$ cat data-v2.cif   # mmCIF, C-alpha atoms
data_start
loop_
_atom_site.label_atom_id
_atom_site.label_comp_id
_atom_site.auth_asym_id
_atom_site.auth_seq_id
_atom_site.Cartn_x
_atom_site.Cartn_y
_atom_site.Cartn_z
CA MET A 1 -12.80 0.31 -11.15
CA SER A 2 -15.60 -1.56 -9.32
CA MET A 3 -14.72 -3.10 -5.97
CA ASP A 4 -17.62 -5.58 -6.10
CA GLU A 5 -16.93 -9.30 -6.30
CA PHE A 6 -19.51 -9.85 -9.06
CA PRO A 7 -19.33 -8.68 -12.71
CA LEU A 8 -21.32 -5.65 -13.92
CA LEU A 9 -23.65 -6.99 -16.61
CA ASP A 10 -25.06 -5.27 -19.71
CA VAL A 11 -28.72 -4.26 -19.84
CA PRO A 12 -29.83 -6.90 -22.44
CA GLU A 13 -28.18 -9.65 -20.41
CA LEU A 14 -29.86 -8.38 -17.22
CA VAL A 15 -33.29 -8.34 -18.89
CA SER A 16 -32.81 -11.86 -20.29
CA CYS A 17 -31.63 -13.37 -16.99
CA LEU A 18 -34.32 -11.66 -14.88
CA GLN A 19 -37.10 -12.71 -17.26
CA GLU A 20 -35.81 -16.29 -17.06
CA CYS A 21 -36.49 -16.02 -13.31
CA ASP A 22 -40.12 -15.06 -14.10
CA PHE A 23 -39.74 -11.39 -13.13
CA SER A 24 -42.35 -9.78 -15.33
CA ALA A 25 -41.39 -6.26 -14.21
CA ALA A 26 -37.84 -6.67 -15.60
CA THR A 27 -38.07 -4.88 -18.95
CA LEU A 28 -35.58 -2.89 -20.96
CA GLU A 29 -37.35 0.38 -20.18
CA THR A 30 -37.57 -0.42 -16.46
CA ILE A 31 -33.77 -0.82 -16.22
CA THR A 32 -32.60 1.90 -18.63
CA LYS A 33 -35.11 4.50 -17.39
CA PRO A 34 -36.04 3.32 -13.89
CA THR A 35 -39.00 4.91 -12.11
CA SER A 36 -40.08 4.43 -8.54
CA PRO A 37 -43.28 2.38 -9.21
CA SER A 38 -41.68 0.04 -11.76
CA ILE A 39 -38.51 -0.57 -9.71
CA ILE A 40 -40.53 -1.15 -6.51
CA LYS A 41 -42.61 -3.75 -8.32
CA LEU A 42 -39.43 -5.47 -9.57
CA TYR A 43 -37.85 -5.49 -6.09
CA GLN A 44 -41.10 -6.91 -4.65
CA GLN A 45 -40.95 -9.80 -7.10
CA ILE A 46 -37.28 -10.41 -6.26
CA ILE A 47 -37.97 -10.45 -2.50
CA ASP A 48 -40.99 -12.72 -3.00
CA LEU A 49 -38.90 -15.32 -4.86
CA PHE A 50 -35.51 -15.27 -3.15
CA ALA A 51 -36.38 -14.17 0.41
CA ASN A 52 -39.74 -16.00 0.50
CA ILE A 53 -41.44 -12.88 1.91
CA ASN A 54 -44.82 -11.84 0.57
CA THR A 55 -44.55 -8.10 -0.13
CA GLU A 56 -47.97 -7.77 -1.78
CA ASN A 57 -49.47 -7.04 1.63
CA TYR A 58 -47.54 -3.74 1.79
CA SER A 59 -50.10 -2.11 -0.55
CA ILE A 60 -47.81 0.59 -1.93
CA GLN A 61 -49.76 3.07 -4.03
CA PRO A 62 -48.03 3.93 -7.37
CA ASN A 63 -46.59 7.43 -7.57
CA GLN A 64 -44.31 8.81 -10.25
CA ASP A 65 -41.96 10.56 -7.84
CA MET A 66 -42.31 9.67 -4.21
CA THR A 67 -39.78 12.28 -3.09
CA GLU A 68 -41.96 15.17 -4.24
CA THR A 69 -45.09 14.37 -2.21
CA LEU A 70 -45.41 13.17 1.34
CA ASP A 71 -47.83 10.24 1.26
CA THR A 72 -48.31 8.79 4.74
CA SER A 73 -50.08 5.75 3.33
CA ASN A 74 -46.90 4.69 1.50
CA THR A 75 -44.34 5.65 4.16
CA ILE A 76 -44.57 2.54 6.36
CA PRO A 77 -44.80 -0.01 3.47
CA ILE A 78 -41.81 1.59 1.69
CA ALA A 79 -39.81 1.62 4.94
CA ILE A 80 -40.59 -2.07 5.48
CA LEU A 81 -39.66 -2.88 1.86
CA ASN A 82 -36.44 -0.82 2.20
CA LEU A 83 -35.44 -2.75 5.35
CA THR A 84 -36.22 -6.09 3.69
CA CYS A 85 -34.27 -5.16 0.54
CA HIS A 86 -31.33 -3.86 2.59
CA LYS A 87 -31.05 -7.18 4.46
CA PHE A 88 -31.37 -9.19 1.24
CA PHE A 89 -28.80 -7.16 -0.73
CA LYS A 90 -26.40 -7.23 2.22
CA VAL A 91 -26.50 -11.04 2.06
CA ILE A 92 -25.69 -11.07 -1.69
CA GLY A 93 -22.76 -8.65 -1.39
CA ILE A 94 -24.13 -5.06 -1.44
CA SER A 95 -24.24 -3.18 1.85
CA ASP A 96 -25.18 0.35 0.66
CA PHE A 97 -28.82 -0.17 -0.39
CA ASN A 98 -30.90 2.80 0.79
CA MET A 99 -34.28 4.49 0.42
CA MET A 100 -33.18 6.48 -2.66
CA ASP A 101 -32.88 3.22 -4.62
CA LEU A 102 -36.65 2.82 -4.17
CA CYS A 103 -37.92 6.42 -4.29
CA LYS A 104 -35.56 7.90 -6.88
CA PRO A 105 -33.65 5.10 -8.65
CA ASP A 106 -30.55 5.77 -10.73
CA PHE A 107 -29.57 3.77 -13.83
CA GLN A 108 -26.02 2.93 -12.76
CA ARG A 109 -27.01 1.89 -9.24
CA THR A 110 -30.01 -0.08 -10.53
CA ARG A 111 -27.75 -1.86 -13.01
CA ARG A 112 -25.28 -2.68 -10.21
CA LEU A 113 -28.02 -3.97 -7.86
CA LEU A 114 -29.65 -6.12 -10.54
CA SER A 115 -26.22 -7.50 -11.55
CA ALA A 116 -25.82 -8.66 -7.94
CA VAL A 117 -29.30 -10.27 -8.10
CA VAL A 118 -28.44 -12.13 -11.33
CA ASN A 119 -25.12 -13.27 -9.86
CA TYR A 120 -26.96 -14.58 -6.77
CA ALA A 121 -29.60 -16.29 -8.96
CA ARG A 122 -26.88 -18.05 -10.96
CA PHE A 123 -25.12 -19.12 -7.77
CA ARG A 124 -28.43 -20.35 -6.33
CA GLU A 125 -29.25 -22.28 -9.49
CA GLU A 126 -25.79 -23.87 -9.63
CA ARG A 127 -25.78 -24.92 -6.00
CA ILE A 128 -29.38 -25.93 -5.46
CA PHE A 129 -28.56 -29.48 -6.59
CA ASP A 130 -25.76 -29.74 -4.01
CA TYR A 131 -28.28 -29.08 -1.24
CA LYS A 132 -31.15 -31.03 -2.78
CA GLU A 133 -30.76 -33.77 -0.16
CA SER A 134 -30.87 -31.22 2.68
CA ILE A 135 -33.94 -29.60 1.16
CA GLN A 136 -35.57 -33.01 0.83
CA GLN A 137 -34.79 -33.73 4.48
CA MET A 138 -36.29 -30.38 5.47
CA SER A 139 -39.39 -31.19 3.38
CA ASP A 140 -39.72 -34.63 5.01
CA LEU A 141 -39.29 -33.10 8.45
CA SER A 142 -41.92 -30.52 7.56
CA ASP A 143 -44.32 -33.27 6.49
CA VAL A 144 -43.62 -35.18 9.71
CA LEU A 145 -44.17 -32.02 11.69
CA GLU A 146 -47.48 -31.38 9.94
CA SER A 147 -48.62 -34.95 10.65
CA LYS A 148 -47.54 -34.58 14.27
CA PHE A 149 -49.44 -31.33 14.50
CA ASP A 150 -52.51 -33.00 13.02
CA SER A 151 -52.22 -35.81 15.55
CA PHE A 152 -51.71 -33.30 18.30
CA ASN A 153 -54.79 -31.32 17.24
CA LEU A 154 -56.82 -34.52 17.00
CA LEU A 155 -55.73 -35.61 20.47
CA ARG A 156 -56.44 -32.17 21.85
CA GLN A 157 -59.91 -32.28 20.27
CA GLN A 158 -60.50 -35.74 21.74
CA ASN A 159 -59.27 -34.47 25.09
CA ASN A 160 -61.71 -31.59 24.91
CA GLU A 161 -64.52 -33.95 23.96
CA ILE A 162 -63.67 -36.24 26.88
CA ARG A 163 -63.59 -33.30 29.22
CA ALA A 164 -66.97 -32.16 27.88
CA GLU A 165 -68.30 -35.66 28.29
CA LEU A 166 -66.90 -35.77 31.80
CA GLY A 167 -68.68 -32.53 32.53
CA HIS A 168 -71.92 -33.94 31.22
CA LEU A 169 -71.45 -37.03 33.31
CA ASN A 170 -70.81 -34.94 36.39
CA ASN A 171 -74.00 -33.03 35.66
CA ASP A 172 -75.90 -36.26 35.16
CA LEU A 173 -74.38 -37.61 38.33
CA ASN A 174 -75.52 -34.62 40.28
CA TYR A 175 -78.95 -34.89 38.75
CA GLU A 176 -79.26 -38.60 39.43
CA SER A 177 -77.91 -38.20 42.97
CA ARG A 178 -80.83 -36.00 43.78
CA ASN A 179 -83.47 -38.33 42.31
CA ILE A 180 -82.04 -41.78 42.97
CA GLU A 181 -80.82 -42.22 46.51
CA ASP A 182 -81.05 -45.99 46.49
CA ASP A 183 -78.58 -46.45 43.62
CA GLU A 184 -76.11 -43.85 44.95
CA GLU A 185 -73.38 -46.27 45.93
CA TYR A 186 -73.50 -48.14 42.63
CA ASN A 187 -73.50 -44.99 40.54
CA THR A 188 -70.63 -43.52 42.55
CA LYS A 189 -68.43 -46.54 41.90
CA LYS A 190 -69.33 -46.46 38.22
CA LEU A 191 -68.50 -42.77 37.96
CA ASP A 192 -65.23 -43.28 39.84
CA ASN A 193 -64.21 -45.96 37.37
CA MET A 194 -65.12 -43.75 34.44
CA SER A 195 -63.20 -40.85 36.00
CA ASN A 196 -60.11 -43.01 36.50
CA ASP A 197 -60.28 -44.14 32.86
CA LEU A 198 -60.53 -40.55 31.71
CA GLU A 199 -57.58 -39.55 33.90
CA VAL A 200 -55.49 -42.33 32.37
CA GLN A 201 -56.43 -41.17 28.88
CA LEU A 202 -55.63 -37.59 29.86
CA LYS A 203 -52.17 -38.56 31.15
CA SER A 204 -51.53 -40.48 27.93
CA LEU A 205 -52.51 -37.44 25.88
CA THR A 206 -50.27 -35.22 28.03
CA LYS A 207 -47.29 -37.51 27.42
CA GLN A 208 -47.98 -37.52 23.70
CA GLN A 209 -48.17 -33.71 23.77
CA GLU A 210 -44.80 -33.51 25.54
CA SER A 211 -43.20 -35.93 23.06
CA LEU A 212 -44.60 -33.89 20.16
CA SER A 213 -43.22 -30.68 21.72
CA LEU A 214 -39.76 -32.25 22.07
CA GLU A 215 -39.86 -33.50 18.49
CA TYR A 216 -40.88 -30.03 17.31
CA GLU A 217 -37.99 -28.40 19.20
CA SER A 218 -35.60 -30.97 17.74
CA TYR A 219 -36.96 -30.19 14.27
CA LYS A 220 -36.41 -26.45 14.76
CA LEU A 221 -32.80 -27.02 15.94
CA THR A 222 -32.11 -29.33 12.99
CA LYS A 223 -33.62 -26.81 10.59
CA ASN A 224 -31.53 -23.93 12.05
CA ASP A 225 -28.36 -26.04 11.86
CA LEU A 226 -29.04 -26.91 8.22
CA LEU A 227 -29.76 -23.26 7.34
CA THR A 228 -26.57 -22.11 9.10
CA GLU A 229 -24.52 -24.74 7.31
CA LEU A 230 -26.13 -23.78 3.99
CA GLU A 231 -25.28 -20.10 4.55
CA LYS A 232 -21.68 -20.92 5.48
CA CYS A 233 -21.30 -23.09 2.41
CA GLY A 234 -22.71 -20.29 0.27
CA PHE A 235 -20.21 -17.72 1.62
CA GLN A 236 -17.33 -20.18 1.23
CA LEU A 237 -18.39 -20.83 -2.34
CA ILE A 238 -18.52 -17.09 -3.11
CA GLU A 239 -14.98 -16.65 -1.68
CA LEU A 240 -13.70 -19.63 -3.69
CA GLU A 241 -15.28 -18.28 -6.90
CA SER A 242 -13.68 -14.88 -6.23
CA LYS A 243 -10.26 -16.51 -5.79
CA ARG A 244 -10.91 -18.58 -8.93
CA ASP A 245 -11.66 -15.41 -10.93
CA LYS A 246 -8.51 -13.71 -9.65
CA LEU A 247 -6.38 -16.74 -10.56
CA LYS A 248 -8.09 -16.86 -13.97
CA LYS A 249 -7.21 -13.19 -14.59
CA ILE A 250 -3.59 -13.91 -13.65
CA SER A 251 -3.48 -16.99 -15.90
CA ASP A 252 -5.04 -15.04 -18.80
CA THR A 253 -2.25 -12.45 -18.80
CA ASP A 254 -0.63 -12.18 -22.25
CA VAL A 255 2.74 -13.99 -22.37
CA VAL A 256 4.00 -11.65 -25.11
CA ILE A 257 3.44 -8.61 -22.87
CA LEU A 258 5.27 -10.37 -20.04
CA ASP A 259 8.20 -11.17 -22.39
CA GLU A 260 8.32 -7.53 -23.52
CA ASN A 261 8.33 -6.32 -19.90
CA ILE A 262 11.13 -8.80 -19.08
CA LYS A 263 13.16 -7.59 -22.07
CA GLN A 264 12.67 -3.96 -21.04
CA LEU A 265 13.78 -4.78 -17.50
CA GLN A 266 16.83 -6.63 -18.85
CA GLU A 267 17.73 -3.65 -21.04
CA THR A 268 17.33 -1.33 -18.06
CA LEU A 269 19.53 -3.66 -15.98
CA SER A 270 22.26 -3.70 -18.65
CA ALA A 271 22.12 0.10 -18.95
CA ASN A 272 22.43 0.42 -15.18
CA LYS A 273 25.39 -1.99 -15.26
CA ASP A 274 27.08 0.17 -17.94
CA LYS A 275 26.48 3.27 -15.82
CA LEU A 276 27.94 1.47 -12.81
CA GLN A 277 31.00 0.43 -14.81
CA THR A 278 31.42 4.03 -16.01
CA LEU A 279 31.21 5.31 -12.45
CA ILE A 280 33.76 2.71 -11.30
CA THR A 281 36.11 3.83 -14.10
CA LYS A 282 35.67 7.47 -13.06
CA LYS A 283 36.35 6.48 -9.46
CA ASP A 284 39.57 4.68 -10.48
CA ASN A 285 40.64 7.71 -12.53
CA LEU A 286 39.93 9.96 -9.59
CA GLU A 287 42.04 7.74 -7.31
CA ILE A 288 44.89 7.81 -9.83
CA THR A 289 44.57 11.60 -10.03
CA LEU A 290 44.62 11.81 -6.24
CA LYS A 291 47.74 9.66 -6.03
CA THR A 292 49.39 11.83 -8.69
CA LEU A 293 48.43 14.93 -6.76
CA GLU A 294 49.83 13.41 -3.56
CA ARG A 295 53.09 12.69 -5.32
CA ILE A 296 53.15 16.23 -6.71
CA ILE A 297 52.41 17.60 -3.25
CA SER A 298 55.21 15.45 -1.79
CA GLU A 299 57.62 16.69 -4.45
CA LEU A 300 56.53 20.25 -3.86
CA TYR A 301 56.99 19.77 -0.16
CA ASP A 302 60.53 18.48 -0.72
CA LEU A 303 61.14 21.35 -3.12
CA THR A 304 59.90 23.86 -0.56
CA ASN A 305 62.21 22.30 2.02
CA VAL A 306 65.16 22.71 -0.36
CA ILE A 307 64.14 26.26 -1.17
CA SER A 308 63.62 27.12 2.50
CA SER A 309 67.02 25.63 3.40
CA ASP A 310 68.71 27.61 0.61
CA LEU A 311 66.84 30.81 1.30
CA LYS A 312 66.94 30.99 5.09
CA VAL A 313 67.74 34.65 4.83
CA SER A 314 64.23 35.29 3.52
CA TYR A 315 61.85 34.58 6.38
CA GLY A 316 58.85 35.91 4.52
CA ARG A 317 59.57 33.54 1.62
CA GLU A 318 59.54 30.55 3.96
CA ILE A 319 56.22 31.61 5.49
CA SER A 320 54.71 31.89 2.01
CA ILE A 321 55.86 28.36 1.11
CA MET A 322 54.44 26.96 4.34
CA ASN A 323 51.11 28.62 3.61
CA THR A 324 51.17 27.10 0.13
CA LYS A 325 51.86 23.68 1.66
CA LYS A 326 48.96 24.09 4.10
CA THR A 327 46.63 25.07 1.26
CA LEU A 328 47.66 22.02 -0.78
CA ILE A 329 47.16 19.73 2.21
CA GLU A 330 43.67 21.17 2.74
CA LYS A 331 42.91 20.56 -0.94
CA LYS A 332 44.20 17.00 -0.54
CA ILE A 333 41.85 16.42 2.42
CA THR A 334 38.97 17.93 0.42
CA LEU A 335 39.69 15.59 -2.49
CA GLU A 336 39.94 12.58 -0.16
CA ASN A 337 36.56 13.46 1.35
CA LEU A 338 35.15 13.84 -2.15
CA LEU A 339 36.53 10.37 -3.02
CA LYS A 340 35.02 8.81 0.11
CA THR A 341 31.55 10.16 -0.73
CA SER A 342 29.23 7.44 -1.99
CA LEU A 343 28.69 7.17 -5.73
CA SER A 344 24.92 7.32 -5.34
CA SER A 345 25.05 10.65 -3.53
CA GLN A 346 27.49 11.94 -6.16
CA LEU A 347 25.00 11.08 -8.87
CA LYS A 348 22.13 12.80 -7.05
CA LEU A 349 24.20 15.89 -6.27
CA ALA A 350 26.11 15.96 -9.55
CA LYS A 351 24.56 19.18 -10.74
CA GLU A 352 25.08 20.91 -7.40
CA GLN A 353 28.70 19.72 -7.27
CA LEU A 354 29.23 20.88 -10.83
CA SER A 355 28.02 24.37 -9.98
CA ARG A 356 30.08 24.35 -6.78
CA GLN A 357 33.15 23.12 -8.66
CA GLU A 358 32.70 25.90 -11.17
CA ILE A 359 32.59 28.41 -8.32
CA ILE A 360 35.59 26.72 -6.68
CA HIS A 361 37.38 26.71 -10.04
CA SER A 362 36.77 30.41 -10.49
CA ASN A 363 37.89 31.05 -6.91
CA LEU A 364 40.98 28.90 -7.49
CA LYS A 365 41.75 30.89 -10.61
CA LYS A 366 41.45 34.08 -8.61
CA ASP A 367 43.54 32.63 -5.79
CA MET A 368 46.18 31.34 -8.19
CA ALA A 369 46.29 34.68 -9.94
CA SER A 370 46.67 36.47 -6.61
CA LYS A 371 49.28 33.96 -5.47
CA ILE A 372 51.18 34.31 -8.73
CA GLN A 373 51.12 38.05 -8.26
CA GLU A 374 52.26 37.67 -4.64
CA ASN A 375 55.05 35.29 -5.67
CA GLU A 376 56.19 37.70 -8.36
CA GLU A 377 56.15 40.52 -5.82
CA LYS A 378 58.13 38.34 -3.40
CA ILE A 379 60.65 37.49 -6.14
CA ASN A 380 60.97 41.19 -6.93
CA ASP A 381 61.43 41.89 -3.22
CA LEU A 382 64.14 39.22 -3.06
CA ASN A 383 65.85 40.73 -6.10
CA ASN A 384 65.62 44.15 -4.49
CA ILE A 385 67.02 42.74 -1.25
CA TYR A 386 69.78 41.08 -3.19
CA SER A 387 70.60 44.16 -5.20
CA ASN A 388 70.31 46.55 -2.27
CA GLU A 389 71.57 44.72 0.79
CA ILE A 390 73.63 41.82 -0.49
CA MET A 391 75.32 43.85 -3.20
CA LYS A 392 76.12 46.56 -0.71
CA ARG A 393 77.62 44.01 1.59
CA LEU A 394 79.51 42.49 -1.28
CA MET A 395 80.87 45.91 -2.26
CA GLU A 396 81.88 46.60 1.28
CA THR A 397 83.48 43.20 1.46
CA ASP A 398 85.28 43.90 -1.82
CA LYS A 399 86.61 47.09 -0.46
CA HIS A 400 87.73 45.42 2.72
CA ILE A 401 89.33 42.58 0.81
CA THR A 402 91.12 44.92 -1.58
CA ASN A 403 92.48 46.72 1.34
CA ASP A 404 93.54 43.68 3.45
CA ILE A 405 94.22 40.81 0.99
CA ILE A 406 96.54 40.49 -1.86
CA GLU A 407 95.39 40.86 -5.39
CA LYS A 408 95.42 37.12 -6.10
CA GLU A 409 93.06 36.33 -3.30
CA VAL A 410 90.86 39.16 -4.42
CA LYS A 411 90.50 37.59 -7.81
CA SER A 412 89.72 34.17 -6.42
CA ILE A 413 87.12 35.65 -4.14
CA GLU A 414 85.59 37.56 -7.01
CA LEU A 415 85.40 34.36 -8.99
CA GLU A 416 83.79 32.56 -6.09
CA ILE A 417 81.31 35.39 -5.61
CA HIS A 418 80.50 35.33 -9.27
CA SER A 419 79.92 31.57 -9.15
CA LYS A 420 77.72 31.95 -6.10
CA LYS A 421 75.77 34.64 -7.84
CA GLN A 422 75.39 32.49 -10.91
CA GLN A 423 74.31 29.53 -8.76
CA PHE A 424 71.78 31.69 -6.97
CA SER A 425 70.42 32.91 -10.29
CA ASN A 426 70.16 29.31 -11.59
CA GLU A 427 68.38 28.16 -8.46
CA LEU A 428 65.99 31.09 -8.76
CA ASP A 429 65.25 30.13 -12.39
CA GLU A 430 64.66 26.50 -11.38
CA LEU A 431 62.31 27.63 -8.64
CA GLU A 432 60.32 29.69 -11.12
CA GLU A 433 60.14 26.73 -13.54
CA GLU A 434 58.95 24.38 -10.77
CA TYR A 435 56.34 26.92 -9.73
CA ILE A 436 55.06 27.27 -13.30
CA LEU A 437 55.00 23.47 -13.59
CA LEU A 438 52.99 23.25 -10.37
CA ILE A 439 50.46 25.76 -11.71
CA ASN A 440 50.11 23.76 -14.94
CA HIS A 441 49.57 20.52 -12.97
CA VAL A 442 46.91 22.16 -10.84
CA LYS A 443 45.14 23.52 -13.93
CA ASP A 444 45.27 20.10 -15.63
CA TYR A 445 43.93 18.41 -12.50
CA MET A 446 41.01 20.86 -12.21
CA SER A 447 40.11 20.45 -15.88
CA THR A 448 40.25 16.62 -15.44
CA VAL A 449 37.99 16.79 -12.37
CA LEU A 450 35.49 19.01 -14.21
CA SER A 451 35.49 16.72 -17.26
CA ASN A 452 34.93 13.66 -15.02
CA LEU A 453 32.05 15.38 -13.30
CA ASP A 454 30.49 16.23 -16.65
#
$ encode --input "data-v2.cif" --output "structure tokens"
Amino acid sequence: MSMDEFPLLDVPELVSCLQECDFSAATLETITKPTSPSIIKLYQQIIDLFANINTENYSIQPNQDMTETLDTSNTIPIAILNLTCHKFFKVIGISDFNMMDLCKPDFQRTRRLLSAVVNYARFREERIFDYKESIQQMSDLSDVLESKFDSFNLLRQQNNEIRAELGHLNNDLNYESRNIEDDEEYNTKKLDNMSNDLEVQLKSLTKQQESLSLEYESYKLTKNDLLTELEKCGFQLIELESKRDKLKKISDTDVVILDENIKQLQETLSANKDKLQTLITKKDNLEITLKTLERIISELYDLTNVISSDLKVSYGREISIMNTKKTLIEKKITLENLLKTSLSSQLKLAKEQLSRQEIIHSNLKKDMASKIQENEEKINDLNNIYSNEIMKRLMETDKHITNDIIEKEVKSIELEIHSKKQQFSNELDELEEEYILLINHVKDYMSTVLSNLD
């Protein structure tokens, strides 16, 4: 896209506009297939008209390709023309004019340069009426200056004639002084009077010369001020036209396209709102799941306290339950941290979290399997302890009781032992059921978390 402030015109339009400006060298062939001689001739005509510089004195000899031969007769004229063209094109908005545009012109660059010339010609034609009064003033001042110069030259010629006449008179005076001694006093007075008159005329001419010089300086200052003001007005007009074109492009934008873009943005906004609502729902579900897990953890903690109080004889069992509690608390903290993480970061890292959750899920499965195996081994150990140690003690106690207590008391004790054994067995079954329920809850929670992440 062109960064120039003027439009790039087509070749037929360029030819038509340039020929309207009386540029005879502007032909279709000159622009489409530019050569050095034809393009130099065209640029000379442009500089002659718009810059008011006569380039015919450069006497550039025609040559089909000036880059192939070194012609010293053309070097200085081409350099002068290049400098003049560079200054002119810089004024009209192109600052990269160089020697290659004269010696080896290119179609695209020539088209761009001539488009700038046409744009400047149109601007000049449109605005020449606005400055017609200033131009008329400059013309009047020029006429006045010419008349003053004519008067000044006339006075200077008269001054020279008077000086010549004074010289002749001095010569005559010297001649007559030698021949006529009797009339010396009379002639001297007459010559003094004539000399005084000439001095007065000379002073008057000097004053007129000074006044003309001051008027000429005033004219030059006025002319420079008018040219400066004209140049400023031209640049301001170019800037205003550029702003006008930009505003015109904005105003010419299709309303239908704008409506379609607005509808697309509204659809995108509604889709984003739906996604936000979905994420809020998932967040609420996650909070509910966390609260449920906290309640389950609290119940499990109470259950472990009951189990630990009932099974104080098994120290290893209590340590296992405490480790389970610690693991659940760590999982609770992990889930709380996951809940506190911003929704935007969760969306960006959803895939990573999914893969990590899959790894964690597999690790949890392995851990749960190992823990289930450990718990089964611990239950078997407890059963072995019960069958080996407690039963032995019970048998010893039975023997002692049979030996020391009456038969009635033995029966009651046996019944009590049986009830205790039954109670212990029931509590052990309840503990296994609660443990299985806990495993099912954990599995359900993990599947819910994975489904929410998906």
$ residues_around --input "data-v2.cif" --residues "A:Asp4" --least-positions-apart "4" --cutoff "10 Å" --atoms "only C-alpha atoms" --output "PDB file with C-alpha atoms, in the coordinates of the input"
ATOM      1  CA  LEU A   8     -21.320  -5.650 -13.920  1.00  0.00           C
ATOM      2  CA  GLY A  93     -22.760  -8.650  -1.390  1.00  0.00           C
ATOM      3  CA  ILE A  94     -24.130  -5.060  -1.440  1.00  0.00           C
ATOM      4  CA  ARG A 112     -25.280  -2.680 -10.210  1.00  0.00           C
ATOM      5  CA  ALA A 116     -25.820  -8.660  -7.940  1.00  0.00           C
TER       6      ALA A 116
END
$ closest_residue --input "data-v2.cif" --among "A:Glu330, A:Asp225, A:Asp22, A:Glu241" --to "A:Leu49" --atoms "only C-alpha atoms"
A:Asp22
$ closest_residue --input "data-v2.cif" --among "A:Arg109, A:Glu125, A:Leu14, A:Gln158" --to "A:Phe50" --atoms "only C-alpha atoms"
A:Glu125
$ residues_around --input "data-v2.cif" --residues "A:Leu212" --least-positions-apart "5" --cutoff "9 Å" --atoms "all atoms listed in the file" --output "list of chain:residue names"
A:Leu145, A:Lys148, A:Phe149, A:Phe152, A:Lys207, A:Glu217
$ closest_residue --input "data-v2.cif" --among "A:Leu276, A:Met100, A:Leu141, A:Leu237" --to "A:Thr35" --atoms "all atoms listed in the file"
A:Met100
$ resolve_selection --input "data-v2.cif" --expression "the PyMOL selection byres ((chain A and resi 446-454) around 7)" --output "number ranges by chain"
A: 282, 354, 442-445
$ residues_around --input "data-v2.cif" --residues "A:Met194" --least-positions-apart "3" --cutoff "12 Å" --atoms "all atoms listed in the file" --output "PyMOL selection string"
chain A and resi 162-163+165-167+169-170+173+187-191+197-201
$ write_last_selection --input "data-v2.cif" --atoms "C-alpha atoms" --output "mmCIF file, keeping the file's coordinate frame"
data_model
loop_
_atom_site.group_PDB
_atom_site.id
_atom_site.type_symbol
_atom_site.label_atom_id
_atom_site.label_comp_id
_atom_site.auth_asym_id
_atom_site.auth_seq_id
_atom_site.Cartn_x
_atom_site.Cartn_y
_atom_site.Cartn_z
ATOM 1 C CA ILE A 162 -63.670 -36.240 26.880
ATOM 2 C CA ARG A 163 -63.590 -33.300 29.220
ATOM 3 C CA GLU A 165 -68.300 -35.660 28.290
ATOM 4 C CA LEU A 166 -66.900 -35.770 31.800
ATOM 5 C CA GLY A 167 -68.680 -32.530 32.530
ATOM 6 C CA LEU A 169 -71.450 -37.030 33.310
ATOM 7 C CA ASN A 170 -70.810 -34.940 36.390
ATOM 8 C CA LEU A 173 -74.380 -37.610 38.330
ATOM 9 C CA ASN A 187 -73.500 -44.990 40.540
ATOM 10 C CA THR A 188 -70.630 -43.520 42.550
ATOM 11 C CA LYS A 189 -68.430 -46.540 41.900
ATOM 12 C CA LYS A 190 -69.330 -46.460 38.220
ATOM 13 C CA LEU A 191 -68.500 -42.770 37.960
ATOM 14 C CA ASP A 197 -60.280 -44.140 32.860
ATOM 15 C CA LEU A 198 -60.530 -40.550 31.710
ATOM 16 C CA GLU A 199 -57.580 -39.550 33.900
ATOM 17 C CA VAL A 200 -55.490 -42.330 32.370
ATOM 18 C CA GLN A 201 -56.430 -41.170 28.880
#
$ residues_around --input "data-v2.cif" --residues "stretch 332-338 of chain A" --least-positions-apart "4" --cutoff "8 Å" --atoms "all atoms listed in the file" --output "list in words"
Leu290, Leu293, Glu294 and Leu328 of chain A
$ atom_distance --input "data-v2.cif" --atom1 "atom CA of A:Val118" --atom2 "atom CA of A:Val91"
13.6 Å
$ axis_aligned_box --input "data-v2.cif" --around "stretch 82-98 of chain A" --padding-each-side "3 Å" --output "JSON"
{"center_x": -29.6, "center_y": -4.1, "center_z": 1.8, "size_x": 19.7, "size_y": 19.9, "size_z": 13.0}
$ residues_near_point --input "data-v2.cif" --point "(-34.5, -4.7, -17.7)" --cutoff "10 Å" --atoms "all atoms listed in the file" --output "ChimeraX atom specification"
/A:10-19,23-34,39,42,110-111,114
$ atom_distance --input "data-v2.cif" --atom1 "atom CA of A:Asp96" --atom2 "atom CA of A:Leu247"
27.8 Å
$ closest_residue --input "data-v2.cif" --among "A:Met138, A:Ile390, A:Asp106, A:Ile413" --to "A:Leu221" --atoms "all atoms listed in the file"
A:Met138
$ resolve_selection --input "data-v2.cif" --expression "the PyMOL selection byres ((chain A and resi 101-103) around 8)" --output "VMD selection string"
chain A and resid 36 39 to 40 65 to 67 78 82 97 to 100 104 to 106 109 to 110
$ residues_around --input "data-v2.cif" --residues "A:Asn54" --least-positions-apart "6" --cutoff "12 Å" --atoms "all atoms listed in the file" --output "count of residues only"
9
$ closest_residue --input "data-v2.cif" --among "A:Leu154, A:Glu434, A:Leu9, A:Asp302" --to "A:Leu205" --atoms "only C-alpha atoms"
A:Leu154
$ atom_distance --input "data-v2.cif" --atom1 "atom CA of A:Ile238" --atom2 "atom CA of A:Glu133"
20.9 Å
$ residues_near_point --input "data-v2.cif" --point "(-34.4, -31.8, 13.4)" --cutoff "12 Å" --atoms "all atoms listed in the file" --output "ChimeraX atom specification"
/A:134,137-142,144-145,214-227
